[in-house]
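Enquirer: Structure file target-v6.cif, mmCIF, C-alpha atoms, is pasted below:
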data_work
loop_
_atom_site.group_PDB
_atom_site.id
_atom_site.type_symbol
_atom_site.label_atom_id
_atom_site.label_comp_id
_atom_site.auth_asym_id
_atom_site.auth_seq_id
_atom_site.Cartn_x
_atom_site.Cartn_y
_atom_site.Cartn_z
ATOM 1 C CA MET A 87 73.990 108.052 75.537
ATOM 2 C CA ALA A 88 72.728 108.707 79.103
ATOM 3 C CA LYS A 89 76.316 109.063 80.326
ATOM 4 C CA ALA A 90 77.095 111.554 77.558
ATOM 5 C CA LYS A 91 74.030 113.615 78.494
ATOM 6 C CA ARG A 92 75.121 113.705 82.165
ATOM 7 C CA ILE A 93 78.565 114.920 81.169
ATOM 8 C CA GLN A 94 77.080 117.629 78.921
ATOM 9 C CA ARG A 95 74.773 118.773 81.748
ATOM 10 C CA TRP A 96 77.720 118.882 84.148
ATOM 11 C CA GLN A 97 79.768 120.933 81.688
ATOM 12 C CA ARG A 98 76.891 123.361 81.019
ATOM 13 C CA ASP A 99 76.098 123.909 84.693
ATOM 14 C CA PRO A 100 79.105 123.026 86.887
ATOM 15 C CA GLU A 101 77.877 125.128 89.830
ATOM 16 C CA GLY A 102 74.452 123.484 89.682
ATOM 17 C CA MET A 103 76.114 120.075 89.736
ATOM 18 C CA ARG A 104 78.242 121.090 92.705
ATOM 19 C CA LEU A 105 75.138 122.241 94.616
ATOM 20 C CA ARG A 106 73.327 118.977 93.838
ATOM 21 C CA ILE A 107 76.307 117.021 95.114
ATOM 22 C CA LEU A 108 76.384 119.035 98.334
ATOM 23 C CA GLU A 109 72.641 118.574 98.920
ATOM 24 C CA ALA A 110 72.868 114.832 98.303
ATOM 25 C CA ALA A 111 75.906 114.658 100.582
ATOM 26 C CA LYS A 112 74.100 116.541 103.365
ATOM 27 C CA GLN A 113 71.259 114.022 103.311
ATOM 28 C CA GLU A 114 73.681 111.079 103.178
ATOM 29 C CA PHE A 115 75.871 112.289 106.051
ATOM 30 C CA ALA A 116 72.824 113.188 108.152
ATOM 31 C CA ALA A 117 71.329 109.728 107.629
ATOM 32 C CA HIS A 118 74.466 107.607 107.944
ATOM 33 C CA GLY A 119 77.186 109.694 109.589
ATOM 34 C CA LEU A 120 80.633 110.108 108.083
ATOM 35 C CA ALA A 121 81.687 106.496 108.525
ATOM 36 C CA GLY A 122 78.479 105.037 107.103
ATOM 37 C CA ALA A 123 78.093 107.479 104.209
ATOM 38 C CA ARG A 124 78.835 106.130 100.736
ATOM 39 C CA VAL A 125 80.262 108.221 97.919
ATOM 40 C CA ASP A 126 78.511 106.004 95.364
ATOM 41 C CA ARG A 127 75.109 106.840 96.838
ATOM 42 C CA ILE A 128 75.904 110.552 97.014
ATOM 43 C CA ALA A 129 76.967 110.609 93.369
ATOM 44 C CA ALA A 130 73.920 108.630 92.236
ATOM 45 C CA ASN A 131 71.473 110.828 94.167
ATOM 46 C CA ALA A 132 73.098 113.940 92.706
ATOM 47 C CA GLY A 133 72.906 112.583 89.169
ATOM 48 C CA ALA A 134 76.706 112.578 88.992
ATOM 49 C CA ASN A 135 79.516 110.083 89.087
ATOM 50 C CA LYS A 136 82.556 109.711 91.330
ATOM 51 C CA ARG A 137 84.794 111.593 88.918
ATOM 52 C CA MET A 138 82.483 114.613 88.935
ATOM 53 C CA LEU A 139 82.210 114.443 92.712
ATOM 54 C CA TYR A 140 85.966 114.351 93.283
ATOM 55 C CA TYR A 141 86.456 117.136 90.743
ATOM 56 C CA HIS A 142 83.986 119.455 92.480
ATOM 57 C CA VAL A 143 84.610 118.795 96.163
ATOM 58 C CA GLY A 144 87.559 116.468 96.650
ATOM 59 C CA ASN A 145 87.528 113.332 98.775
ATOM 60 C CA LYS A 146 84.871 112.146 101.214
ATOM 61 C CA GLU A 147 86.261 114.038 104.216
ATOM 62 C CA ASP A 148 86.614 117.248 102.190
ATOM 63 C CA LEU A 149 83.013 116.840 101.069
ATOM 64 C CA TYR A 150 81.868 116.284 104.653
ATOM 65 C CA LEU A 151 83.639 119.431 105.853
ATOM 66 C CA GLU A 152 82.097 121.500 103.065
ATOM 67 C CA VAL A 153 78.650 120.189 103.985
ATOM 68 C CA LEU A 154 79.295 121.036 107.641
ATOM 69 C CA GLU A 155 80.457 124.558 106.781
ATOM 70 C CA GLY A 156 77.434 125.015 104.536
ATOM 71 C CA ALA A 157 75.112 123.970 107.363
ATOM 72 C CA TYR A 158 76.570 126.647 109.631
ATOM 73 C CA GLU A 159 76.480 129.242 106.855
ATOM 74 C CA LYS A 160 72.787 128.552 106.272
ATOM 75 C CA ILE A 161 71.669 129.054 109.873
ATOM 76 C CA ARG A 162 73.855 132.144 110.347
ATOM 77 C CA ALA A 163 72.459 133.659 107.119
ATOM 78 C CA GLU A 164 68.866 133.130 108.263
ATOM 79 C CA GLU A 165 69.646 134.576 111.683
ATOM 80 C CA ARG A 166 70.784 137.789 110.012
ATOM 81 C CA THR A 167 67.244 138.270 108.664
ATOM 82 C CA LEU A 168 65.703 138.411 112.157
ATOM 83 C CA ASP A 169 66.271 142.171 112.514
ATOM 84 C CA LEU A 170 67.042 141.835 116.216
ATOM 85 C CA GLU A 171 68.793 145.210 116.262
ATOM 86 C CA HIS A 172 65.487 147.051 115.752
ATOM 87 C CA LEU A 173 63.375 145.181 118.313
ATOM 88 C CA ASP A 174 62.927 145.860 122.001
ATOM 89 C CA PRO A 175 65.468 143.647 123.813
ATOM 90 C CA PRO A 176 62.977 141.176 125.369
ATOM 91 C CA GLU A 177 61.220 140.759 122.026
ATOM 92 C CA ALA A 178 64.581 140.331 120.265
ATOM 93 C CA ILE A 179 65.564 137.507 122.609
ATOM 94 C CA GLY A 180 62.124 135.944 122.228
ATOM 95 C CA ARG A 181 62.452 136.059 118.460
ATOM 96 C CA LEU A 182 65.910 134.486 118.591
ATOM 97 C CA ILE A 183 64.593 131.614 120.729
ATOM 98 C CA ASP A 184 61.573 131.173 118.458
ATOM 99 C CA PHE A 185 63.775 131.099 115.377
ATOM 100 C CA THR A 186 66.334 128.680 116.870
ATOM 101 C CA TRP A 187 63.614 126.264 117.967
ATOM 102 C CA ASN A 188 61.818 126.264 114.633
ATOM 103 C CA TYR A 189 65.040 126.139 112.633
ATOM 104 C CA PHE A 190 66.018 122.955 114.457
ATOM 105 C CA LEU A 191 62.557 121.513 113.788
ATOM 106 C CA ARG A 192 62.732 122.392 110.094
ATOM 107 C CA ASN A 193 66.299 121.144 109.658
ATOM 108 C CA PRO A 194 66.741 117.834 111.492
ATOM 109 C CA GLU A 195 69.748 117.080 109.281
ATOM 110 C CA PHE A 196 71.541 120.011 110.942
ATOM 111 C CA LEU A 197 71.166 118.343 114.347
ATOM 112 C CA ALA A 198 72.320 115.034 112.885
ATOM 113 C CA LEU A 199 75.450 116.648 111.447
ATOM 114 C CA LEU A 200 76.220 118.271 114.809
ATOM 115 C CA ASN A 201 75.862 114.923 116.534
ATOM 116 C CA THR A 202 78.220 113.295 114.048
ATOM 117 C CA GLU A 203 80.868 115.982 114.414
ATOM 118 C CA ASN A 204 80.676 116.007 118.197
ATOM 119 C CA LEU A 205 81.225 112.251 118.254
ATOM 120 C CA ALA A 206 84.372 112.969 116.229
ATOM 121 C CA LYS A 207 85.462 115.596 118.824
ATOM 122 C CA ALA A 208 85.178 118.313 116.132
ATOM 123 C CA LYS A 209 88.113 116.744 114.292
ATOM 124 C CA HIS A 210 86.936 117.979 110.909
ATOM 125 C CA LEU A 211 85.571 121.339 112.023
ATOM 126 C CA LYS A 212 89.024 122.204 113.387
ATOM 127 C CA ARG A 213 90.245 122.219 109.784
ATOM 128 C CA SER A 214 87.732 124.901 108.798
ATOM 129 C CA THR A 215 88.996 128.364 107.930
ATOM 130 C CA LYS A 216 85.437 129.766 107.782
ATOM 131 C CA VAL A 217 83.466 128.758 110.849
ATOM 132 C CA LYS A 218 84.969 131.056 113.458
ATOM 133 C CA SER A 219 84.682 134.161 111.293
ATOM 134 C CA MET A 220 81.032 133.519 110.422
ATOM 135 C CA HIS A 221 80.111 133.283 114.117
ATOM 136 C CA SER A 222 81.747 136.525 115.271
ATOM 137 C CA PRO A 223 79.065 138.908 113.848
ATOM 138 C CA PHE A 224 76.330 136.729 115.324
ATOM 139 C CA VAL A 225 77.888 136.880 118.800
ATOM 140 C CA GLU A 226 78.195 140.656 118.514
ATOM 141 C CA MET A 227 74.540 140.925 117.492
ATOM 142 C CA ILE A 228 73.492 139.122 120.692
ATOM 143 C CA ARG A 229 75.918 141.203 122.768
ATOM 144 C CA THR A 230 74.344 144.391 121.391
ATOM 145 C CA VAL A 231 70.823 143.222 122.258
ATOM 146 C CA VAL A 232 71.845 142.332 125.820
ATOM 147 C CA THR A 233 73.695 145.630 126.290
ATOM 148 C CA ARG A 234 70.661 147.583 125.058
ATOM 149 C CA GLY A 235 68.484 145.607 127.443
ATOM 150 C CA VAL A 236 70.641 146.475 130.433
ATOM 151 C CA GLU A 237 70.823 150.134 129.440
ATOM 152 C CA SER A 238 67.046 150.359 128.996
ATOM 153 C CA GLY A 239 66.386 148.624 132.295
ATOM 154 C CA ASP A 240 64.677 145.653 130.624
ATOM 155 C CA PHE A 241 67.467 143.297 131.718
ATOM 156 C CA ARG A 242 69.037 143.254 135.153
ATOM 157 C CA VAL A 243 72.219 141.428 134.235
ATOM 158 C CA THR A 244 74.802 141.517 131.483
ATOM 159 C CA VAL A 245 75.523 137.999 130.306
ATOM 160 C CA ASP A 246 78.166 136.555 128.032
ATOM 161 C CA PRO A 247 76.513 136.352 124.582
ATOM 162 C CA VAL A 248 78.203 133.023 123.869
ATOM 163 C CA GLN A 249 76.865 131.522 127.098
ATOM 164 C CA LEU A 250 73.428 132.921 126.352
ATOM 165 C CA TYR A 251 73.299 131.419 122.878
ATOM 166 C CA ILE A 252 74.614 128.056 124.085
ATOM 167 C CA SER A 253 71.862 128.034 126.718
ATOM 168 C CA ILE A 254 69.193 128.822 124.123
ATOM 169 C CA ALA A 255 70.488 126.243 121.652
ATOM 170 C CA GLY A 256 70.921 123.683 124.426
ATOM 171 C CA LEU A 257 67.335 124.062 125.641
ATOM 172 C CA ALA A 258 66.116 123.284 122.122
ATOM 173 C CA PHE A 259 68.759 120.771 121.050
ATOM 174 C CA PHE A 260 68.519 118.438 124.052
ATOM 175 C CA TYR A 261 64.732 118.290 123.863
ATOM 176 C CA LEU A 262 64.685 117.469 120.146
ATOM 177 C CA SER A 263 67.693 115.137 119.987
ATOM 178 C CA ASN A 264 66.315 113.112 122.916
ATOM 179 C CA SER A 265 62.602 113.380 122.128
ATOM 180 C CA ALA A 266 62.220 109.652 121.389
ATOM 181 C CA THR A 267 63.564 108.458 124.739
ATOM 182 C CA LEU A 268 62.017 111.330 126.714
ATOM 183 C CA SER A 269 58.600 110.614 125.178
ATOM 184 C CA VAL A 270 58.789 107.001 126.354
ATOM 185 C CA ILE A 271 60.109 107.895 129.822
ATOM 186 C CA PHE A 272 57.469 110.528 130.526
ATOM 187 C CA GLY A 273 54.616 108.876 128.631
ATOM 188 C CA ARG A 274 53.825 111.777 126.336
ATOM 189 C CA ASP A 275 54.474 112.589 122.685
ATOM 190 C CA LEU A 276 56.906 115.492 122.936
ATOM 191 C CA LEU A 277 56.741 116.222 119.204
ATOM 192 C CA LYS A 278 52.981 116.828 119.017
ATOM 193 C CA LYS A 279 52.186 120.414 118.068
ATOM 194 C CA ASP A 280 50.754 121.248 121.491
ATOM 195 C CA ALA A 281 53.873 119.865 123.171
ATOM 196 C CA ARG A 282 56.155 121.784 120.820
ATOM 197 C CA ASP A 283 54.272 125.024 121.457
ATOM 198 C CA GLU A 284 54.427 124.453 125.215
ATOM 199 C CA ARG A 285 58.167 123.866 125.004
ATOM 200 C CA LEU A 286 58.747 127.083 123.061
ATOM 201 C CA GLU A 287 56.735 129.122 125.566
ATOM 202 C CA HIS A 288 58.693 127.535 128.411
ATOM 203 C CA MET A 289 62.062 128.318 126.830
ATOM 204 C CA ILE A 290 61.173 131.949 126.183
ATOM 205 C CA ALA A 291 59.827 132.418 129.718
ATOM 206 C CA LEU A 292 62.845 130.716 131.279
ATOM 207 C CA VAL A 293 65.459 132.783 129.433
ATOM 208 C CA LEU A 294 63.637 136.091 129.861
ATOM 209 C CA ALA A 295 63.095 135.411 133.566
ATOM 210 C CA ALA A 296 66.848 134.894 133.955
ATOM 211 C CA LEU A 297 67.631 138.140 132.121
ATOM 212 C CA THR A 298 64.980 140.319 133.751
ATOM 213 C CA GLY A 299 64.813 138.885 137.266
ATOM 214 C CA LYS A 300 61.048 138.448 136.913
ATOM 215 C CA SER A 301 59.019 135.291 137.448
ATOM 216 C CA THR A 302 58.548 132.972 134.485
ATOM 217 C CA ALA A 303 54.813 133.565 134.961
ATOM 218 C CA ALA A 304 55.321 137.096 133.641
ATOM 219 C CA PHE A 305 56.155 135.688 130.224
ATOM 220 C CA GLY A 306 53.495 133.032 129.812
ATOM 221 C CA ALA A 307 52.447 132.704 126.162
ATOM 222 C CA MET A 308 54.457 135.822 125.320
ATOM 223 C CA PRO A 309 53.703 136.805 121.712
ATOM 224 C CA VAL A 310 56.659 136.758 119.354
ATOM 225 C CA ARG A 311 56.315 138.644 116.074
ATOM 226 C CA HIS A 312 58.179 136.089 114.042
ATOM 227 C CA ALA A 313 58.498 135.768 110.286
ATOM 228 C CA ALA A 314 55.968 133.216 109.071
ATOM 229 C CA GLU A 315 58.538 131.302 107.044
ATOM 230 C CA HIS A 316 60.460 130.485 110.218
ATOM 231 C CA ARG A 317 57.568 128.590 111.818
ATOM 232 C CA VAL A 318 56.773 124.904 111.881
ATOM 233 C CA VAL A 319 53.064 124.109 112.021
#
When written as structure tokens, how does the structure in this file appear?
Expert:
Amino acid sequence: MAKAKRIQRWQRDPEGMRLRILEAAKQEFAAHGLAGARVDRIAANAGANKRMLYYHVGNKEDLYLEVLEGAYEKIRAEERTLDLEHLDPPEAIGRLIDFTWNYFLRNPEFLALLNTENLAKAKHLKRSTKVKSMHSPFVEMIRTVVTRGVESGDFRVTVDPVQLYISIAGLAFFYLSNSATLSVIFGRDLLKKDARDERLEHMIALVLAALTGKSTAAFGAMPVRHAAEHRVV
């Protein structure tokens, strides 16, 4: 009877079932990596069975790639809501850093998926037909902000938008992905709220100092008018 009800639910809402499978798969891959992930657990946590899973998303590697693409789609979609085009360039860069930092904090599974795929030398991501195209508008958005900053005199240098974003993401990613070992080495809890706030202020000051040629002291505790939903408290 329970099996019949699951099948009826799947048939009534196939897209809902597919989304539940993808969410369960994201958690499984983030927790166990591709090699350690188990299709049985994914299906059970999604309220599905293997047949439903294979029908909706294919085999385990196909499922992993779809989860990876979905993770990139999610962060790029949220970045489009930042309205960087209508902010003064320094504030736009500050908002981007603030968002990136808090997105990583709110989505640790995203960092775990990146770690897994980098260990695989991007083997699966190379199969994607979506990832490159979804990043192009984002790169152009950063390029536009930097160009406006140079034209307005706010920024002294024009930088490659890809290099700039990698630097921003790297400042956040390394800190968070290594917070356990760094906390032990330096004898402080790097994930306490005060430590997180200090790190964000440091990142904003560091990047803006590089772009403007000013001292980092000029950007101490710089206010960032961020959207409340992007913050971690």
Enquirer: Counting all atoms listed in the file, which of A:Thr186, A:Thr167, A:Asn193, A:Ser238 gets nearest to Lys112 of chain A?
Expert: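 Answer, going by the shortest atom-to-atom distance: A:Asn193.
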Enquirer: If the PyMOL selection byres ((chain A and resi 165) around 12) were run on this exact file, what residues would it hold? Put them as a count of residues only.
Expert: 32
Enquirer: Go through A:Val236, A:Ala134, A:Val245, A:Leu277 and flag the residue nearest Pro175 of chain A, using all atoms listed in the file for the distances.
Expert: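 Comparing A:Val236, A:Ala134, A:Val245, A:Leu277 against Pro175 of chain A, the winner is A:Val236.
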Enquirer: Expand the PyMOL selection byres ((chain A and resi 125) around 9) into the explicit residue set it covers here, and present it as a PyMOL selection string.
Expert: chain A and resi 111+114+123-124+126-130+136+139+145-146
Enquirer: What is the atom CA of Leu211 of chain A-atom CA of Leu151 of chain A distance in Å, reported with one decimal?
Expert: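 For atom CA of Leu211 of chain A relative to atom CA of Leu151 of chain A, the distance reads 6.7 Å.
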Enquirer: The PyMOL selection byres ((chain A and resi 278) around 12) on the file shown: which residues, as number ranges by chain?
Expert: A: 191, 262, 265-266, 269, 274-277, 279-285, 318-319
Enquirer: Taking only C-alpha atoms into account, which of A:Glu155, A:Thr267, A:Arg106, A:Tyr150 comes nearest Asn135 of chain A?
Expert: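 Checking each candidate against Asn135 of chain A, we get A:Arg106 as the closest.
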Enquirer: Please compute the atom CA of His210 of chain A-atom CA of Gly144 of chain A distance, one decimal, in Å.
Expert: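 Distance between the two atoms: 14.4 Å.
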Enquirer: Enclose the full set of atoms of segment 251-255 of chain A listed in the file within a box whose edges lie along x, y and z, apply 5 Å of padding to each of the six sides, and report centre and edge lengths in Å to one decimal as lines of an AutoDock Vina configuration file.
Expert:
center_x = 71.9
center_y = 128.8
center_z = 124.2
size_x = 15.4
size_y = 15.2
size_z = 15.1
Enquirer: Could you state the separation of atom CA of Gln113 of chain A and atom CA of Lys209 of chain A in Å, given to one decimal place?
Expert: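 Distance reported for this atom pair: 20.3 Å.
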Enquirer: Pick from A:Phe115, A:Lys300, A:Ile252, A:Pro176: nearest to Gly235 of chain A, with only C-alpha atoms counted?
Expert: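 Counting only C-alpha atoms, the residue closest to Gly235 of chain A is A:Pro176.
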Enquirer: Pick the closest to Val232 of chain A from A:Asn204, A:Asn264, A:Ser219, A:Gln249: which is it, counting all atoms listed in the file?
Expert: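 Among the listed residues, the smallest separation from Val232 of chain A belongs to A:Gln249.
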Enquirer: May I ask which of the residues A:Gly256, A:Gly156, A:Pro247, A:Gly119 is the closest one to Thr233 of chain A, counting all atoms listed in the file?
Expert: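 The shortest atom-to-atom distance to Thr233 of chain A comes from A:Pro247.
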Enquirer: Would you mind completing segment 291-302 of chain A so that it carries all heavy atoms, and writing it out as an mmCIF file, keeping the file's coordinate frame?
Expert:
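Output file selection02.cif follows:
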data_model
loop_
_atom_site.group_PDB
_atom_site.id
_atom_site.type_symbol
_atom_site.label_atom_id
_atom_site.label_comp_id
_atom_site.auth_asym_id
_atom_site.auth_seq_id
_atom_site.Cartn_x
_atom_site.Cartn_y
_atom_site.Cartn_z
ATOM 1 N N ALA A 291 60.062 131.944 128.354
ATOM 2 C CA ALA A 291 59.827 132.418 129.718
ATOM 3 C C ALA A 291 61.043 132.194 130.594
ATOM 4 O O ALA A 291 61.426 133.062 131.401
ATOM 5 C CB ALA A 291 58.608 131.709 130.316
ATOM 6 N N LEU A 292 61.691 131.053 130.442
ATOM 7 C CA LEU A 292 62.845 130.716 131.279
ATOM 8 C C LEU A 292 64.018 131.673 131.028
ATOM 9 O O LEU A 292 64.629 132.194 131.967
ATOM 10 C CB LEU A 292 63.278 129.275 130.984
ATOM 11 C CG LEU A 292 64.196 128.592 131.990
ATOM 12 C CD1 LEU A 292 63.482 128.408 133.324
ATOM 13 C CD2 LEU A 292 64.659 127.239 131.447
ATOM 14 N N VAL A 293 64.323 131.918 129.764
ATOM 15 C CA VAL A 293 65.459 132.783 129.433
ATOM 16 C C VAL A 293 65.175 134.224 129.816
ATOM 17 O O VAL A 293 66.026 134.915 130.395
ATOM 18 C CB VAL A 293 65.803 132.670 127.932
ATOM 19 C CG1 VAL A 293 66.876 133.697 127.550
ATOM 20 C CG2 VAL A 293 66.293 131.259 127.602
ATOM 21 N N LEU A 294 63.963 134.705 129.526
ATOM 22 C CA LEU A 294 63.637 136.091 129.861
ATOM 23 C C LEU A 294 63.550 136.304 131.373
ATOM 24 O O LEU A 294 63.903 137.376 131.877
ATOM 25 C CB LEU A 294 62.344 136.514 129.179
ATOM 26 C CG LEU A 294 62.457 136.710 127.661
ATOM 27 C CD1 LEU A 294 61.104 137.102 127.068
ATOM 28 C CD2 LEU A 294 63.504 137.756 127.304
ATOM 29 N N ALA A 295 63.108 135.303 132.107
ATOM 30 C CA ALA A 295 63.095 135.411 133.566
ATOM 31 C C ALA A 295 64.518 135.553 134.093
ATOM 32 O O ALA A 295 64.781 136.350 135.005
ATOM 33 C CB ALA A 295 62.416 134.189 134.182
ATOM 34 N N ALA A 296 65.448 134.806 133.522
ATOM 35 C CA ALA A 296 66.848 134.894 133.955
ATOM 36 C C ALA A 296 67.439 136.263 133.652
ATOM 37 O O ALA A 296 68.213 136.804 134.449
ATOM 38 C CB ALA A 296 67.665 133.802 133.273
ATOM 39 N N LEU A 297 67.074 136.843 132.517
ATOM 40 C CA LEU A 297 67.631 138.140 132.121
ATOM 41 C C LEU A 297 66.987 139.303 132.864
ATOM 42 O O LEU A 297 67.647 140.308 133.146
ATOM 43 C CB LEU A 297 67.465 138.345 130.614
ATOM 44 C CG LEU A 297 68.329 137.465 129.708
ATOM 45 C CD1 LEU A 297 67.872 137.597 128.259
ATOM 46 C CD2 LEU A 297 69.798 137.829 129.841
ATOM 47 N N THR A 298 65.709 139.187 133.168
ATOM 48 C CA THR A 298 64.980 140.319 133.751
ATOM 49 C C THR A 298 64.852 140.242 135.271
ATOM 50 O O THR A 298 64.556 141.255 135.917
ATOM 51 C CB THR A 298 63.560 140.402 133.164
ATOM 52 O OG1 THR A 298 62.828 139.220 133.530
ATOM 53 C CG2 THR A 298 63.592 140.538 131.650
ATOM 54 N N GLY A 299 65.018 139.047 135.830
ATOM 55 C CA GLY A 299 64.813 138.885 137.266
ATOM 56 C C GLY A 299 63.356 138.730 137.645
ATOM 57 O O GLY A 299 63.017 138.702 138.823
ATOM 58 N N LYS A 300 62.472 138.626 136.658
ATOM 59 C CA LYS A 300 61.048 138.448 136.913
ATOM 60 C C LYS A 300 60.704 136.962 136.975
ATOM 61 O O LYS A 300 61.499 136.109 136.588
ATOM 62 C CB LYS A 300 60.220 139.119 135.820
ATOM 63 C CG LYS A 300 60.407 140.625 135.725
ATOM 64 C CD LYS A 300 59.568 141.192 134.588
ATOM 65 C CE LYS A 300 59.761 142.701 134.451
ATOM 66 N NZ LYS A 300 58.972 143.258 133.318
ATOM 67 N N SER A 301 59.495 136.664 137.432
ATOM 68 C CA SER A 301 59.019 135.291 137.448
ATOM 69 C C SER A 301 58.741 134.812 136.025
ATOM 70 O O SER A 301 58.359 135.615 135.153
ATOM 71 C CB SER A 301 57.735 135.202 138.281
ATOM 72 O OG SER A 301 57.069 133.970 138.052
ATOM 73 N N THR A 302 58.891 133.520 135.805
ATOM 74 C CA THR A 302 58.548 132.972 134.485
ATOM 75 C C THR A 302 57.082 133.205 134.159
ATOM 76 O O THR A 302 56.706 133.288 132.986
ATOM 77 C CB THR A 302 58.840 131.462 134.418
ATOM 78 O OG1 THR A 302 58.125 130.803 135.479
ATOM 79 C CG2 THR A 302 60.327 131.168 134.558
#
